[in-house]
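Worksheet for the structure shown next.
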Amino acid sequence: ETGVTQSPTHLIKTRGQQVTLRCSSQSGHNTVSWYQQALGQGPQFIFQYYREEENGRGNFPPRFSGLQFPNYSSELNVNALELDDSALYLCASSFVPGRTQYFGPGTRLLVL
Amino acid sequence: LAKTTQPISMDSYEGQEVNITCSHNNIATNDYITWYQQFPSQGPRFIIQGYKTKVTNEVASLFIPADRKSSTLSLPRVSLSDTAVYYCLVGGGSMDSNYQLIWGAGTKLIIKP
């Protein structure tokens, strides 16, 4: 059984650019959640996808958007990057919404 | 939304038992209590989950009193590699509850030789 994987591991962008982060869920999991984690803080919920539909959203602006594909992998897109978007972006999958979440290794994004 | 309170940091020594307590006064009837461990620049790792009384697995025990307003994560015989941040969360009892999980700053546990 493969765990949650994320790509890329690290990324450097400049202000105003757009970025796409990718996540493959754990085998058998149809729910993916995305989190942003700033240095020294706990993860903050961005949104969740369940069976290709957005199933909940945290307090993030519309320039944060996502997709879930038929194989339950997922993308996080961030437009018009700002310096404060620099963070560790975490993807977590679960069997269904509400069940235990298992996290990937994260993508470290640096916006200059 | 249930919110948790944990100590910001704790120190201990190799070979000791470490207990980290989390308070969650507003826990809902359907909520589970889940603990994660996180090393720097890595994703959180699931440690243990429980609903009431005591749960034990190969790495930790979780003690939950009858009123469920608090819980204690117990790590037996810690080693230097247990130095990490530990998060306590409540929720997950229903299909729409994952996104209601609120992560605090966690407890930074430092194990000394």
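Residues are named by chain letter and number: chains run A, B, ... in the order of the structure tokens, numbers start at 1 in each chain, and ligands are numbered from 1 in the order shown.
Omitting segment 12-15 of chain B and its sequence neighbours fewer than 2 positions away, and counting only C-alpha atoms, the residues within 9 Å are B:Met10, B:Glu17, B:Val18, B:Pro76, B:Arg77, B:Val78, B:Ser79, B:Leu80, B:Leu109, B:Ile110, B:Ile111, B:Lys112, B:Pro113.
The list of residues with at least one atom within 9 Å of Asn57 of chain B, based on only C-alpha atoms and without residues fewer than 3 positions apart in the same chain, reads Ile47, Ile48, Ala60, Ser61 and Leu62 of chain B.
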Please, which residues of chain A, numbered as in this document, come out strand (DSSP E) from DSSP, as an NGL selection string? :A and (5-7 or 10-13 or 19-24 or 31-37 or 44-50 or 53-57 or 64-68 or 74-78 or 87-94 or 102-103 or 107-111)
Name all residues at most 7 Å from Thr14 of chain A (count only C-alpha atoms; drop same-chain ones fewer than 2 positions away) and give them as JSON, numbers by chain. {"A": [16, 17, 111, 112]}
Expected file: the selected residues, N, CA and C atoms, as an mmCIF file, in the first residue's frame:
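Output file selection.cif follows:
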data_model
loop_
_atom_site.group_PDB
_atom_site.id
_atom_site.type_symbol
_atom_site.label_atom_id
_atom_site.label_comp_id
_atom_site.auth_asym_id
_atom_site.auth_seq_id
_atom_site.Cartn_x
_atom_site.Cartn_y
_atom_site.Cartn_z
ATOM 1 N N GLY A 16 3.455 37.308 -7.857
ATOM 2 C CA GLY A 16 2.614 37.455 -9.032
ATOM 3 C C GLY A 16 2.524 36.212 -9.895
ATOM 4 N N GLN A 17 3.451 35.288 -9.720
ATOM 5 C CA GLN A 17 3.411 34.063 -10.515
ATOM 6 C C GLN A 17 2.317 33.124 -10.008
ATOM 7 N N VAL A 111 8.305 32.169 -1.938
ATOM 8 C CA VAL A 111 7.932 33.236 -2.868
ATOM 9 C C VAL A 111 8.842 34.435 -2.615
ATOM 10 N N LEU A 112 9.544 34.841 -3.670
ATOM 11 C CA LEU A 112 10.495 35.952 -3.538
ATOM 12 C C LEU A 112 9.960 37.225 -4.167
#
Using only C-alpha atoms, which chain A residues lie at most 8 Å away from chain B, written as a PyMOL selection string? chain A and resi 33+40-45+47-48+55-58+88+90+96-106+108
Rounded to one decimal in Å, what is the spacing between atom CA of Ser7 of chain A and atom CA of Ser65 of chain A? 16.7 Å
If you count only C-alpha atoms, which residues fall within 12 Å of Gly28 of chain A, apart from same-chain ones fewer than 3 positions away, as a short mmCIF file (atom, residue, chain, number, x, y, z; two decimals) with all heavy atoms, in the first residue's frame?
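Wrote it out as result-v8.cif, contents follow:
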data_model
loop_
_atom_site.label_atom_id
_atom_site.label_comp_id
_atom_site.auth_asym_id
_atom_site.auth_seq_id
_atom_site.Cartn_x
_atom_site.Cartn_y
_atom_site.Cartn_z
N GLU A 1 0.86 -1.20 0.00
CA GLU A 1 0.00 0.00 0.00
C GLU A 1 0.89 1.23 0.00
O GLU A 1 1.71 1.41 0.88
CB GLU A 1 -0.87 -0.02 1.25
CG GLU A 1 -1.84 1.13 1.33
CD GLU A 1 -2.70 1.04 2.58
OE1 GLU A 1 -3.69 0.29 2.56
OE2 GLU A 1 -2.37 1.71 3.56
N THR A 2 0.74 2.12 -1.02
CA THR A 2 1.58 3.30 -1.08
C THR A 2 0.96 4.41 -0.26
O THR A 2 -0.25 4.54 -0.17
CB THR A 2 1.73 3.77 -2.53
OG1 THR A 2 0.44 3.99 -3.08
CG2 THR A 2 2.48 2.74 -3.35
N GLY A 3 1.83 5.24 0.30
CA GLY A 3 1.37 6.36 1.10
C GLY A 3 1.07 7.56 0.24
O GLY A 3 1.09 7.50 -0.99
N VAL A 4 0.83 8.69 0.90
CA VAL A 4 0.54 9.93 0.20
C VAL A 4 1.85 10.51 -0.33
O VAL A 4 2.84 10.59 0.40
CB VAL A 4 -0.12 10.93 1.16
CG1 VAL A 4 -0.41 12.25 0.45
CG2 VAL A 4 -1.39 10.34 1.75
N SER A 24 -0.80 12.70 -4.63
CA SER A 24 -1.41 11.39 -4.90
C SER A 24 -1.86 10.82 -3.57
O SER A 24 -1.05 10.70 -2.65
CB SER A 24 -0.41 10.45 -5.57
OG SER A 24 -0.14 10.87 -6.87
N SER A 25 -3.13 10.47 -3.49
CA SER A 25 -3.66 9.98 -2.23
C SER A 25 -3.24 8.54 -1.97
O SER A 25 -2.80 7.83 -2.87
CB SER A 25 -5.19 10.08 -2.22
OG SER A 25 -5.73 9.31 -3.28
N THR A 31 -10.64 10.90 -0.45
CA THR A 31 -10.76 12.25 0.09
C THR A 31 -9.38 12.85 0.27
O THR A 31 -8.49 12.20 0.82
CB THR A 31 -11.48 12.20 1.45
OG1 THR A 31 -12.75 11.58 1.29
CG2 THR A 31 -11.67 13.60 2.02
N VAL A 32 -9.22 14.07 -0.23
CA VAL A 32 -7.94 14.76 -0.11
C VAL A 32 -8.17 16.14 0.49
O VAL A 32 -9.07 16.87 0.08
CB VAL A 32 -7.27 14.91 -1.50
CG1 VAL A 32 -6.03 15.79 -1.39
CG2 VAL A 32 -6.88 13.54 -2.05
N ARG A 51 -14.55 12.75 -3.80
CA ARG A 51 -15.11 12.27 -5.07
C ARG A 51 -15.21 13.40 -6.10
O ARG A 51 -16.26 13.62 -6.71
CB ARG A 51 -16.49 11.65 -4.82
CG ARG A 51 -16.41 10.36 -4.02
CD ARG A 51 -17.76 9.69 -3.91
NE ARG A 51 -17.64 8.39 -3.26
CZ ARG A 51 -18.69 7.60 -2.99
NH1 ARG A 51 -19.91 7.98 -3.31
NH2 ARG A 51 -18.50 6.44 -2.40
N ASN A 71 -8.88 9.45 -10.40
CA ASN A 71 -8.07 8.50 -9.62
C ASN A 71 -7.82 9.03 -8.20
O ASN A 71 -7.02 8.46 -7.46
CB ASN A 71 -6.74 8.23 -10.32
CG ASN A 71 -5.84 9.45 -10.38
OD1 ASN A 71 -6.22 10.54 -9.98
ND2 ASN A 71 -4.64 9.26 -10.90
N TYR A 72 -8.49 10.12 -7.84
CA TYR A 72 -8.46 10.76 -6.52
C TYR A 72 -7.19 11.53 -6.22
O TYR A 72 -7.05 12.07 -5.12
CB TYR A 72 -8.78 9.77 -5.39
CG TYR A 72 -10.11 9.10 -5.59
CD1 TYR A 72 -10.22 7.71 -5.58
CD2 TYR A 72 -11.25 9.85 -5.85
CE1 TYR A 72 -11.46 7.09 -5.78
CE2 TYR A 72 -12.48 9.24 -6.06
CZ TYR A 72 -12.58 7.86 -6.03
OH TYR A 72 -13.79 7.25 -6.24
N SER A 73 -6.27 11.62 -7.19
CA SER A 73 -5.14 12.52 -7.00
C SER A 73 -5.67 13.95 -7.05
O SER A 73 -6.81 14.18 -7.48
CB SER A 73 -4.07 12.29 -8.05
OG SER A 73 -4.56 12.62 -9.34
N SER A 93 -4.74 12.52 2.87
CA SER A 93 -5.85 11.74 2.33
C SER A 93 -6.51 10.93 3.44
O SER A 93 -5.90 10.63 4.47
CB SER A 93 -5.39 10.83 1.19
OG SER A 93 -4.68 9.70 1.67
N SER A 94 -7.78 10.63 3.22
CA SER A 94 -8.52 9.79 4.15
C SER A 94 -9.47 8.89 3.38
O SER A 94 -9.80 9.17 2.22
CB SER A 94 -9.29 10.64 5.18
OG SER A 94 -10.14 11.56 4.55
N PHE A 95 -9.91 7.83 4.03
CA PHE A 95 -10.78 6.85 3.38
C PHE A 95 -12.07 7.51 2.90
O PHE A 95 -12.51 7.32 1.78
CB PHE A 95 -11.05 5.72 4.37
CG PHE A 95 -11.93 4.63 3.83
CD1 PHE A 95 -11.55 3.92 2.70
CD2 PHE A 95 -13.13 4.32 4.44
CE1 PHE A 95 -12.36 2.92 2.19
CE2 PHE A 95 -13.94 3.32 3.94
CZ PHE A 95 -13.57 2.61 2.82
N VAL A 96 -12.67 8.28 3.79
CA VAL A 96 -13.80 9.15 3.46
C VAL A 96 -13.66 10.38 4.34
O VAL A 96 -12.89 10.37 5.29
CB VAL A 96 -15.17 8.47 3.72
CG1 VAL A 96 -15.45 7.37 2.71
CG2 VAL A 96 -15.28 7.97 5.15
#
I'd like the neighbourhood of Val78 of chain A as number ranges by chain, where a residue qualifies if any of its atoms comes within 8 Å (using only C-alpha atoms), though same-chain residues fewer than 2 positions away should be ignored. A: 18-20, 63-65, 76, 80-81
Using all heavy atoms, can you write the selected residues to a file as a PDB file, in the first residue's frame?
ATOM      1  N   GLN A  18       2.142  32.047 -10.760  1.00  0.00           N
ATOM      2  CA  GLN A  18       1.168  31.028 -10.414  1.00  0.00           C
ATOM      3  C   GLN A  18       1.909  29.719 -10.148  1.00  0.00           C
ATOM      4  O   GLN A  18       2.987  29.481 -10.701  1.00  0.00           O
ATOM      5  CB  GLN A  18       0.180  30.853 -11.576  1.00  0.00           C
ATOM      6  CG  GLN A  18      -0.851  29.762 -11.389  1.00  0.00           C
ATOM      7  CD  GLN A  18      -0.468  28.435 -12.025  1.00  0.00           C
ATOM      8  OE1 GLN A  18       0.431  28.356 -12.851  1.00  0.00           O
ATOM      9  NE2 GLN A  18      -1.124  27.380 -11.593  1.00  0.00           N
ATOM     10  N   VAL A  19       1.346  28.876  -9.283  1.00  0.00           N
ATOM     11  CA  VAL A  19       2.005  27.614  -8.962  1.00  0.00           C
ATOM     12  C   VAL A  19       0.956  26.496  -8.886  1.00  0.00           C
ATOM     13  O   VAL A  19      -0.203  26.734  -8.509  1.00  0.00           O
ATOM     14  CB  VAL A  19       2.778  27.719  -7.618  1.00  0.00           C
ATOM     15  CG1 VAL A  19       1.827  27.856  -6.431  1.00  0.00           C
ATOM     16  CG2 VAL A  19       3.687  26.519  -7.429  1.00  0.00           C
ATOM     17  N   THR A  20       1.373  25.292  -9.267  1.00  0.00           N
ATOM     18  CA  THR A  20       0.528  24.103  -9.147  1.00  0.00           C
ATOM     19  C   THR A  20       1.274  23.043  -8.354  1.00  0.00           C
ATOM     20  O   THR A  20       2.397  22.683  -8.706  1.00  0.00           O
ATOM     21  CB  THR A  20       0.152  23.535 -10.523  1.00  0.00           C
ATOM     22  OG1 THR A  20      -0.610  24.511 -11.241  1.00  0.00           O
ATOM     23  CG2 THR A  20      -0.687  22.262 -10.375  1.00  0.00           C
ATOM     24  N   ARG A  63      -8.014  32.873  -4.961  1.00  0.00           N
ATOM     25  CA  ARG A  63      -6.842  32.566  -5.777  1.00  0.00           C
ATOM     26  C   ARG A  63      -6.216  31.222  -5.386  1.00  0.00           C
ATOM     27  O   ARG A  63      -5.341  30.735  -6.084  1.00  0.00           O
ATOM     28  CB  ARG A  63      -5.825  33.714  -5.687  1.00  0.00           C
ATOM     29  CG  ARG A  63      -5.302  34.010  -4.311  1.00  0.00           C
ATOM     30  CD  ARG A  63      -4.480  35.304  -4.292  1.00  0.00           C
ATOM     31  NE  ARG A  63      -3.896  35.501  -2.975  1.00  0.00           N
ATOM     32  CZ  ARG A  63      -2.756  34.944  -2.610  1.00  0.00           C
ATOM     33  NH1 ARG A  63      -2.075  34.194  -3.461  1.00  0.00           N
ATOM     34  NH2 ARG A  63      -2.285  35.147  -1.396  1.00  0.00           N
ATOM     35  N   PHE A  64      -6.683  30.643  -4.306  1.00  0.00           N
ATOM     36  CA  PHE A  64      -6.334  29.262  -3.951  1.00  0.00           C
ATOM     37  C   PHE A  64      -7.452  28.376  -4.503  1.00  0.00           C
ATOM     38  O   PHE A  64      -8.615  28.490  -4.070  1.00  0.00           O
ATOM     39  CB  PHE A  64      -6.239  29.074  -2.437  1.00  0.00           C
ATOM     40  CG  PHE A  64      -5.011  29.652  -1.810  1.00  0.00           C
ATOM     41  CD1 PHE A  64      -4.915  31.020  -1.561  1.00  0.00           C
ATOM     42  CD2 PHE A  64      -3.945  28.840  -1.451  1.00  0.00           C
ATOM     43  CE1 PHE A  64      -3.785  31.567  -0.992  1.00  0.00           C
ATOM     44  CE2 PHE A  64      -2.802  29.385  -0.864  1.00  0.00           C
ATOM     45  CZ  PHE A  64      -2.722  30.746  -0.631  1.00  0.00           C
ATOM     46  N   SER A  65      -7.113  27.536  -5.453  1.00  0.00           N
ATOM     47  CA  SER A  65      -8.132  26.663  -6.032  1.00  0.00           C
ATOM     48  C   SER A  65      -7.574  25.255  -6.160  1.00  0.00           C
ATOM     49  O   SER A  65      -6.359  25.040  -6.051  1.00  0.00           O
ATOM     50  CB  SER A  65      -8.568  27.178  -7.401  1.00  0.00           C
ATOM     51  OG  SER A  65      -7.483  27.168  -8.301  1.00  0.00           O
ATOM     52  N   LEU A  76      -3.346  21.557  -6.138  1.00  0.00           N
ATOM     53  CA  LEU A  76      -3.603  22.842  -5.498  1.00  0.00           C
ATOM     54  C   LEU A  76      -2.989  23.904  -6.396  1.00  0.00           C
ATOM     55  O   LEU A  76      -1.799  23.810  -6.735  1.00  0.00           O
ATOM     56  CB  LEU A  76      -2.971  22.887  -4.109  1.00  0.00           C
ATOM     57  CG  LEU A  76      -2.802  24.263  -3.460  1.00  0.00           C
ATOM     58  CD1 LEU A  76      -4.158  24.897  -3.169  1.00  0.00           C
ATOM     59  CD2 LEU A  76      -1.997  24.154  -2.170  1.00  0.00           C
ATOM     60  N   ALA A  80      -1.416  34.536  -8.579  1.00  0.00           N
ATOM     61  CA  ALA A  80      -0.979  35.835  -8.051  1.00  0.00           C
ATOM     62  C   ALA A  80      -0.268  35.688  -6.718  1.00  0.00           C
ATOM     63  O   ALA A  80      -0.684  36.244  -5.697  1.00  0.00           O
ATOM     64  CB  ALA A  80      -2.184  36.773  -7.924  1.00  0.00           C
ATOM     65  N   LEU A  81       0.796  34.909  -6.726  1.00  0.00           N
ATOM     66  CA  LEU A  81       1.505  34.598  -5.486  1.00  0.00           C
ATOM     67  C   LEU A  81       1.948  35.848  -4.737  1.00  0.00           C
ATOM     68  O   LEU A  81       2.383  36.841  -5.334  1.00  0.00           O
ATOM     69  CB  LEU A  81       2.731  33.740  -5.793  1.00  0.00           C
ATOM     70  CG  LEU A  81       2.444  32.266  -6.090  1.00  0.00           C
ATOM     71  CD1 LEU A  81       3.666  31.603  -6.698  1.00  0.00           C
ATOM     72  CD2 LEU A  81       1.996  31.538  -4.832  1.00  0.00           C
TER      73      LEU A  81
END
Write out as a PyMOL selection string all residues of chain B that backbone DSSP assigns to helix (DSSP H, G or I). chain B and resi 80-82+98-100
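For the atom pair formed by atom CA of Asn25 of chain B and atom CA of Ser70 of chain B, the distance is 7.0 Å, given to one decimal.
Distances to His29 of chain A were evaluated for A:Glu75, A:Tyr50, A:Pro61, A:Thr5 using only C-alpha atoms, and the minimum falls at A:Tyr50.
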Length of the atom CA of Arg68 of chain B to atom CA of Ala84 of chain B vector [Å]: 25.2 Å
